[in-house]
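Colleague: Before I ask anything, let me first share the structure, which is written out below as structure tokens.
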Amino acid sequence: MKYLKAGFIFLLLATLLIALVYGWAIPASGLVGKTKGFSWGLGIELMALAFVWLFLVFLTSRLYATTWITLAVYLCFILVNLVKINFLDAPLMPIDFTQLDDLLRTTSVIIEYLLYLIIAVVPLIVLVVFLLKKEKPIRGLRYYALFILIVSSGLMTWQSNHISAYLKAEKLLILKNSNLVNRFTKHGYLNFFIQSIFFQTKPTKPEGYNKEQVNKILTKHDLDKSPAITPETEVPDNIIFILVESFVDPNELGWETSEVVVKHFNKLREKHISGKVVVPVFGGKSINTEFELLTGLSMFFTPIESLPFRELVSDHTPSIARVLSDWGFKSSVIQVVELSGFGFEKIYDYIGINQKMALTGDGIELDPSGRFASSQELFKQITAITAAEDKSFIYSFANSSHMPWHLEDYPESTLKLKHNHGISKHLQNKTLAYFNALRHVETLLTDLVAYYEKSEEKTLILFAGDHQPALDLIRDEHTKNHQKYVVPALIWSNYLPKQPAYDNFFVSMNYLSALTLKVAGLMPDGFFKFNTQAMDYINPLSSKYPTSKSPSVVQQQWLIDYEMLQYHILMDSNSQNTIKKQL
């Protein structure tokens, strides 16, 4: 009876907590849309929570303490989810724990929120210790808990096919390319968190995938033939890709300021090719944007919240560097963080980068925040490389606009907010600091344009944002839902006229390299050639943007072909010869 009473109390408290979290707290937070009633997924959530409780009972041999500890941990779990949704527009996933090393390297971000972490963790630890000391272990209780866990697990394993069929029919399983925030909120955070441990760890093998089918796709799209290189082809001397941390045009998103924030960037957009790009992330995980830009592959077909640049690329992955090497370009990459710590050194070797450079350590001029190499330092390194090489492809990541933002780093700033949107003084200062950081990064583009305008070397520069910033103020009508995943981009050159056919382009990031090659008149082969064709049918290709709620038969076939080729590239151990020759 005593055990039944404890179980009933736990069930009651857990039900009330779930009702509170899902029925009021999460919708009221404004981080997610209103959910249409409750789902059977919440029942699964309760079952998952019961399993956690039983496991803790098995470990501690205590009933009441375990009940309160389970609920406290669950509440913290929900709060962590809300924090991540606020910053990255995605719930907590098991894969996030494998990425803690990267987060810990970003010490400035950790320090910014260290106090909040302490406030959350210390009371939890104190509560756990207090409860465990207050209640004595019950002899034999762990064996009851273990028995229930084993029997329940056995029953679910025995009926796994029926359970899976039911969950699938009720749409309670993790789905590729679904809105994670809405699904987690409606059907249960713990439910999907546990599901994701067992599902979506690797790209799903496409139905009907085999070598013969891949060869048919290569032939159908004429990918097994190299493009003709004619004497009339005007090959540039330099192609420079600059990806910029959290780069947007604030005034375009509705911010009213005393001065135009990115004035020079906007003037260049008027005279040169520019457009918008749909990126795969919001607020962080820039490495996923880099993956799409440099390989032409799409996050649309990769596991949910994964980092394919670190987890899936190999020495036969297609890349823009490999495409340009066929035209005689030597490739270089310039990062402002340690290459080894974030896995970049190995990644860039895999995708065929010839020269890797990390602007860190002594002797490097820093930006106003004192954390990263300045725009002037990047400018010097880029121009030095193009001066030394006949044909240069340079990829550089400008990180000076990375959070956290502090207004005291820009004491000479004259920029003011005309409308504060009712936000606190602290957030106003943070926002103004972010705007000033954008201006600092913009000087890199301004200086490069001024330099290459006077140069006789034909030069093309791609300048684009990697994602929008995780600022509360940015969550207005301009940036709700899919608009949060759109950033500006500019293609500048000192030798090409403005081409109306490409101006005001709108593409997903996986297509941007192929588009830039088309602008330069360099028709690619292999997978990048496939991208130049695919963008006419399925653009943008992104789970973050509604490409088409009801794709046509033609679009569906392109999606099938795209997924088949991408799986072949990333997952087929026998694909190396095919990739090297044709993709």
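For the structure tokens, the naming scheme is as follows: chains receive sequential letters (A, B, ...) according to their order of presentation, residues are indexed from 1 within each chain, and ligands are indexed from 1 in presentation order.
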Give me every strand (DSSP E or B) residue in range 146-372 of chain A, going by DSSP on the backbone, as a VMD selection string.

Modeller: chain A and resid 238 to 244 257 273 to 278 330 to 335 355 to 358 366

Colleague: Store the residues picked out above, limited to N, CA, C and O atoms, as a compact mmCIF listing (two decimals), in the first residue's frame.

Modeller:
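Output (result12.txt):
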```txt
# COMPACT_ATOMS: atom_id res chain seq x y z
N ASN A 238 40.85 35.81 -58.57
CA ASN A 238 40.58 35.58 -57.15
C ASN A 238 39.09 35.40 -56.91
O ASN A 238 38.27 36.17 -57.45
N ILE A 239 38.75 34.40 -56.13
CA ILE A 239 37.38 34.24 -55.64
C ILE A 239 37.47 34.16 -54.12
O ILE A 239 38.16 33.31 -53.56
N ILE A 240 36.76 35.09 -53.46
CA ILE A 240 36.85 35.22 -52.00
C ILE A 240 35.46 35.03 -51.40
O ILE A 240 34.51 35.74 -51.77
N PHE A 241 35.32 34.05 -50.52
CA PHE A 241 34.08 33.82 -49.79
C PHE A 241 34.27 34.32 -48.36
O PHE A 241 35.20 33.90 -47.67
N ILE A 242 33.38 35.21 -47.92
CA ILE A 242 33.43 35.67 -46.53
C ILE A 242 32.08 35.40 -45.88
O ILE A 242 31.05 35.94 -46.30
N LEU A 243 32.08 34.52 -44.90
CA LEU A 243 30.89 34.23 -44.12
C LEU A 243 30.99 35.03 -42.82
O LEU A 243 32.04 35.00 -42.16
N VAL A 244 29.92 35.73 -42.47
CA VAL A 244 29.97 36.67 -41.35
C VAL A 244 29.03 36.23 -40.25
O VAL A 244 27.85 35.94 -40.49
N THR A 257 17.06 53.31 -36.33
CA THR A 257 18.29 53.84 -35.71
C THR A 257 18.60 55.24 -36.23
O THR A 257 18.11 55.65 -37.28
N ILE A 273 25.41 42.46 -57.61
CA ILE A 273 24.43 41.38 -57.45
C ILE A 273 24.22 41.09 -55.97
O ILE A 273 25.19 40.88 -55.23
N SER A 274 22.98 41.07 -55.56
CA SER A 274 22.68 40.78 -54.15
C SER A 274 21.38 40.01 -54.05
O SER A 274 20.62 39.89 -55.00
N GLY A 275 21.13 39.48 -52.86
CA GLY A 275 19.91 38.72 -52.65
C GLY A 275 19.79 38.23 -51.24
O GLY A 275 20.44 38.74 -50.32
N LYS A 276 18.96 37.21 -51.05
CA LYS A 276 18.72 36.64 -49.73
C LYS A 276 19.02 35.14 -49.77
O LYS A 276 18.84 34.48 -50.79
N VAL A 277 19.45 34.64 -48.62
CA VAL A 277 19.82 33.23 -48.51
C VAL A 277 19.10 32.61 -47.30
O VAL A 277 19.07 33.21 -46.22
N VAL A 278 18.54 31.43 -47.49
CA VAL A 278 17.93 30.68 -46.40
C VAL A 278 19.00 29.79 -45.77
O VAL A 278 19.62 28.98 -46.46
N LYS A 330 44.33 27.79 -56.13
CA LYS A 330 44.84 27.27 -54.87
C LYS A 330 43.92 27.77 -53.77
O LYS A 330 43.62 28.96 -53.69
N SER A 331 43.47 26.87 -52.90
CA SER A 331 42.48 27.24 -51.89
C SER A 331 43.12 27.50 -50.54
O SER A 331 44.05 26.80 -50.12
N SER A 332 42.59 28.49 -49.85
CA SER A 332 43.05 28.85 -48.50
C SER A 332 41.84 29.12 -47.62
O SER A 332 40.81 29.61 -48.09
N VAL A 333 41.98 28.80 -46.35
CA VAL A 333 40.93 29.13 -45.39
C VAL A 333 41.55 29.94 -44.25
O VAL A 333 42.67 29.66 -43.81
N ILE A 334 40.82 30.95 -43.80
CA ILE A 334 41.27 31.79 -42.69
C ILE A 334 40.19 31.78 -41.61
O ILE A 334 39.08 32.27 -41.83
N GLN A 335 40.50 31.18 -40.47
CA GLN A 335 39.59 31.18 -39.33
C GLN A 335 40.18 32.06 -38.24
O GLN A 335 41.38 32.33 -38.21
N GLN A 355 45.58 25.36 -48.01
CA GLN A 355 46.29 26.11 -46.97
C GLN A 355 45.30 26.53 -45.89
O GLN A 355 44.25 27.09 -46.18
N LYS A 356 45.65 26.24 -44.63
CA LYS A 356 44.77 26.56 -43.50
C LYS A 356 45.48 27.53 -42.56
O LYS A 356 46.66 27.37 -42.26
N MET A 357 44.72 28.52 -42.10
CA MET A 357 45.31 29.55 -41.25
C MET A 357 44.36 29.90 -40.11
O MET A 357 43.16 30.10 -40.32
N ALA A 358 44.89 29.96 -38.88
CA ALA A 358 44.11 30.38 -37.72
C ALA A 358 44.72 31.66 -37.16
O ALA A 358 45.88 31.66 -36.73
N LEU A 366 43.44 42.62 -32.66
CA LEU A 366 42.12 42.15 -32.26
C LEU A 366 41.03 43.17 -32.55
O LEU A 366 41.30 44.37 -32.70
```

Colleague: Would you please give, as a ChimeraX atom specification, all residues of range 57-209 of chain A that DSSP assigns to helix (DSSP H, G or I) based on the backbone?

Modeller: /A:57-60,64-88,94-105,107-112,114-134,141-158,160-169,180-187,189-198

Colleague: To one decimal place in Å, what is the distance between CA of Ala534 in chain A and CA of Asn510 in chain A?

Modeller: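 If I compute the distance from CA of Ala534 in chain A to CA of Asn510 in chain A, I get 10.6 Å.
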
Colleague: List as a ChimeraX atom specification the protein and nucleic acid residues near Ala514 in chain A, meaning an atom at most 9 Å away when only C-alpha atoms are counted, but skip any in the same chain fewer than 3 places from it.

Modeller: /A:296,320,510-511,517-519,523-524,528-529,531-532

Colleague: Print the selection's residues with N, CA, C and O atoms to a file, as a PDB file, in the first residue's frame.

Modeller:
```
ATOM      1  N   GLY A 296      27.935  22.213 -50.762  1.00  0.00           N
ATOM      2  CA  GLY A 296      26.755  22.176 -51.613  1.00  0.00           C
ATOM      3  C   GLY A 296      25.734  21.163 -51.154  1.00  0.00           C
ATOM      4  O   GLY A 296      24.652  21.058 -51.741  1.00  0.00           O
ATOM      5  N   ILE A 320      33.467  23.235 -52.963  1.00  0.00           N
ATOM      6  CA  ILE A 320      33.756  24.340 -53.869  1.00  0.00           C
ATOM      7  C   ILE A 320      35.257  24.445 -54.105  1.00  0.00           C
ATOM      8  O   ILE A 320      35.704  24.811 -55.191  1.00  0.00           O
ATOM      9  N   ASN A 510      22.809  25.863 -49.500  1.00  0.00           N
ATOM     10  CA  ASN A 510      23.460  24.778 -50.232  1.00  0.00           C
ATOM     11  C   ASN A 510      23.629  25.101 -51.714  1.00  0.00           C
ATOM     12  O   ASN A 510      24.462  24.504 -52.396  1.00  0.00           O
ATOM     13  N   TYR A 511      22.841  26.071 -52.220  1.00  0.00           N
ATOM     14  CA  TYR A 511      22.941  26.452 -53.627  1.00  0.00           C
ATOM     15  C   TYR A 511      23.843  27.663 -53.872  1.00  0.00           C
ATOM     16  O   TYR A 511      24.142  27.996 -55.020  1.00  0.00           O
ATOM     17  N   LEU A 517      29.281  30.462 -58.809  1.00  0.00           N
ATOM     18  CA  LEU A 517      30.029  29.957 -59.967  1.00  0.00           C
ATOM     19  C   LEU A 517      29.340  30.343 -61.265  1.00  0.00           C
ATOM     20  O   LEU A 517      29.992  30.718 -62.251  1.00  0.00           O
ATOM     21  N   LYS A 518      28.007  30.275 -61.309  1.00  0.00           N
ATOM     22  CA  LYS A 518      27.266  30.670 -62.500  1.00  0.00           C
ATOM     23  C   LYS A 518      27.462  32.155 -62.794  1.00  0.00           C
ATOM     24  O   LYS A 518      27.651  32.551 -63.949  1.00  0.00           O
ATOM     25  N   VAL A 519      27.421  32.974 -61.745  1.00  0.00           N
ATOM     26  CA  VAL A 519      27.648  34.413 -61.917  1.00  0.00           C
ATOM     27  C   VAL A 519      29.027  34.660 -62.514  1.00  0.00           C
ATOM     28  O   VAL A 519      29.207  35.514 -63.396  1.00  0.00           O
ATOM     29  N   MET A 523      30.954  27.184 -65.171  1.00  0.00           N
ATOM     30  CA  MET A 523      29.965  26.125 -65.025  1.00  0.00           C
ATOM     31  C   MET A 523      30.616  24.900 -64.395  1.00  0.00           C
ATOM     32  O   MET A 523      31.570  24.337 -64.952  1.00  0.00           O
ATOM     33  N   PRO A 524      30.124  24.465 -63.240  1.00  0.00           N
ATOM     34  CA  PRO A 524      30.775  23.356 -62.532  1.00  0.00           C
ATOM     35  C   PRO A 524      30.368  22.001 -63.083  1.00  0.00           C
ATOM     36  O   PRO A 524      29.450  21.893 -63.903  1.00  0.00           O
ATOM     37  N   PHE A 528      28.003  19.877 -57.926  1.00  0.00           N
ATOM     38  CA  PHE A 528      27.704  21.304 -58.030  1.00  0.00           C
ATOM     39  C   PHE A 528      26.939  21.605 -59.315  1.00  0.00           C
ATOM     40  O   PHE A 528      26.126  22.528 -59.362  1.00  0.00           O
ATOM     41  N   LYS A 529      27.187  20.838 -60.347  1.00  0.00           N
ATOM     42  CA  LYS A 529      26.375  20.952 -61.561  1.00  0.00           C
ATOM     43  C   LYS A 529      24.939  20.539 -61.269  1.00  0.00           C
ATOM     44  O   LYS A 529      23.978  21.168 -61.742  1.00  0.00           O
ATOM     45  N   ASN A 531      23.446  20.850 -58.473  1.00  0.00           N
ATOM     46  CA  ASN A 531      22.840  21.943 -57.713  1.00  0.00           C
ATOM     47  C   ASN A 531      22.358  23.071 -58.610  1.00  0.00           C
ATOM     48  O   ASN A 531      21.324  23.695 -58.342  1.00  0.00           O
ATOM     49  N   THR A 532      23.119  23.377 -59.675  1.00  0.00           N
ATOM     50  CA  THR A 532      22.690  24.445 -60.587  1.00  0.00           C
ATOM     51  C   THR A 532      21.371  24.080 -61.267  1.00  0.00           C
ATOM     52  O   THR A 532      20.592  24.966 -61.627  1.00  0.00           O
TER      53      THR A 532
END
```

Colleague: With only C-alpha atoms as the counted atoms, please give the residues lying no more than 7 Å from Ser400 in chain A, apart from itself and same-chain residues fewer than 2 positions off, as JSON, numbers by chain.

Modeller: {"A": [367, 372, 374, 398, 402, 437, 441]}

Colleague: Between CA of Lys171 in chain A and CA of Glu292 in chain A, what distance in Å does the model show, to one decimal?

Modeller: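 A separation of 29.2 Å between them.
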
Colleague: Quick check, in Å to one decimal: how far apart do CA of Phe379 in chain A and CA of Leu444 in chain A lie?

Modeller: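 Separating CA of Phe379 in chain A from CA of Leu444 in chain A is a distance of 6.1 Å.
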
Colleague: Find, counting only C-alpha atoms, the residue in A:Lys263, A:His568, A:His162, A:Lys380 that gets nearest to Leu438 in chain A.

Modeller: A:Lys263

Colleague: Using only C-alpha atoms, which of the listed residues (A:Ile78, A:Leu46, A:Leu149, A:Leu448) sits closest to Thr383 in chain A?

Modeller: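 Answer, going by the shortest atom-to-atom distance: A:Leu448.
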
Colleague: Taking into account only C-alpha atoms, which residue in the set A:Pro236, A:Pro250, A:Gly283, A:Gly370 is nearest to Gly328 in chain A?

Modeller: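 Of all the options, A:Pro236 lies closest to Gly328 in chain A.
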
Colleague: Give the answer as one residue: which of A:Ser325, A:Thr446, A:Ser196, A:Thr386 has the shortest atom-to-atom distance to His264 in chain A, using only C-alpha atoms?

Modeller: A:Thr446

Colleague: I want to know what sits within 8 Å of Trp255 in chain A, based on only C-alpha atoms, with residues of the same chain fewer than 4 positions away left out; could you give that as a ChimeraX atom specification?

Modeller: /A:250-251,417,419

Colleague: Just all heavy atoms for this one: save the residues we selected as a PDB file, in the first residue's frame.

Modeller:
```
ATOM      1  N   PRO A 250      19.979  45.337 -39.852  1.00  0.00           N
ATOM      2  CA  PRO A 250      18.989  45.589 -38.793  1.00  0.00           C
ATOM      3  C   PRO A 250      17.857  46.498 -39.234  1.00  0.00           C
ATOM      4  O   PRO A 250      16.703  46.285 -38.853  1.00  0.00           O
ATOM      5  CB  PRO A 250      19.831  46.228 -37.674  1.00  0.00           C
ATOM      6  CG  PRO A 250      21.221  45.768 -37.931  1.00  0.00           C
ATOM      7  CD  PRO A 250      21.340  45.692 -39.420  1.00  0.00           C
ATOM      8  N   ASN A 251      18.170  47.530 -40.021  1.00  0.00           N
ATOM      9  CA  ASN A 251      17.129  48.459 -40.461  1.00  0.00           C
ATOM     10  C   ASN A 251      16.115  47.774 -41.369  1.00  0.00           C
ATOM     11  O   ASN A 251      14.927  48.104 -41.356  1.00  0.00           O
ATOM     12  CB  ASN A 251      17.762  49.652 -41.179  1.00  0.00           C
ATOM     13  CG  ASN A 251      18.761  50.396 -40.310  1.00  0.00           C
ATOM     14  OD1 ASN A 251      19.931  50.497 -40.642  1.00  0.00           O
ATOM     15  ND2 ASN A 251      18.313  50.895 -39.160  1.00  0.00           N
ATOM     16  N   LEU A 417      19.171  54.170 -30.795  1.00  0.00           N
ATOM     17  CA  LEU A 417      17.897  53.562 -31.168  1.00  0.00           C
ATOM     18  C   LEU A 417      16.813  54.629 -31.176  1.00  0.00           C
ATOM     19  O   LEU A 417      16.657  55.371 -30.199  1.00  0.00           O
ATOM     20  CB  LEU A 417      17.510  52.460 -30.179  1.00  0.00           C
ATOM     21  CG  LEU A 417      18.276  51.139 -30.227  1.00  0.00           C
ATOM     22  CD1 LEU A 417      17.799  50.228 -29.102  1.00  0.00           C
ATOM     23  CD2 LEU A 417      18.092  50.450 -31.564  1.00  0.00           C
ATOM     24  N   HIS A 419      13.603  53.833 -31.596  1.00  0.00           N
ATOM     25  CA  HIS A 419      12.488  53.184 -30.925  1.00  0.00           C
ATOM     26  C   HIS A 419      13.049  52.017 -30.124  1.00  0.00           C
ATOM     27  O   HIS A 419      13.679  51.133 -30.678  1.00  0.00           O
ATOM     28  CB  HIS A 419      11.476  52.684 -31.956  1.00  0.00           C
ATOM     29  CG  HIS A 419      10.155  52.276 -31.358  1.00  0.00           C
ATOM     30  ND1 HIS A 419      10.053  51.333 -30.351  1.00  0.00           N
ATOM     31  CD2 HIS A 419       8.883  52.683 -31.617  1.00  0.00           C
ATOM     32  CE1 HIS A 419       8.787  51.168 -30.026  1.00  0.00           C
ATOM     33  NE2 HIS A 419       8.053  51.975 -30.775  1.00  0.00           N
TER      34      HIS A 419
END
```

Colleague: Which one is closest to Leu75 in chain A: A:Thr516, A:Leu124, A:Glu135, A:Pro546? Count only C-alpha atoms.

Modeller: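 Nearest to Leu75 in chain A: A:Leu124.
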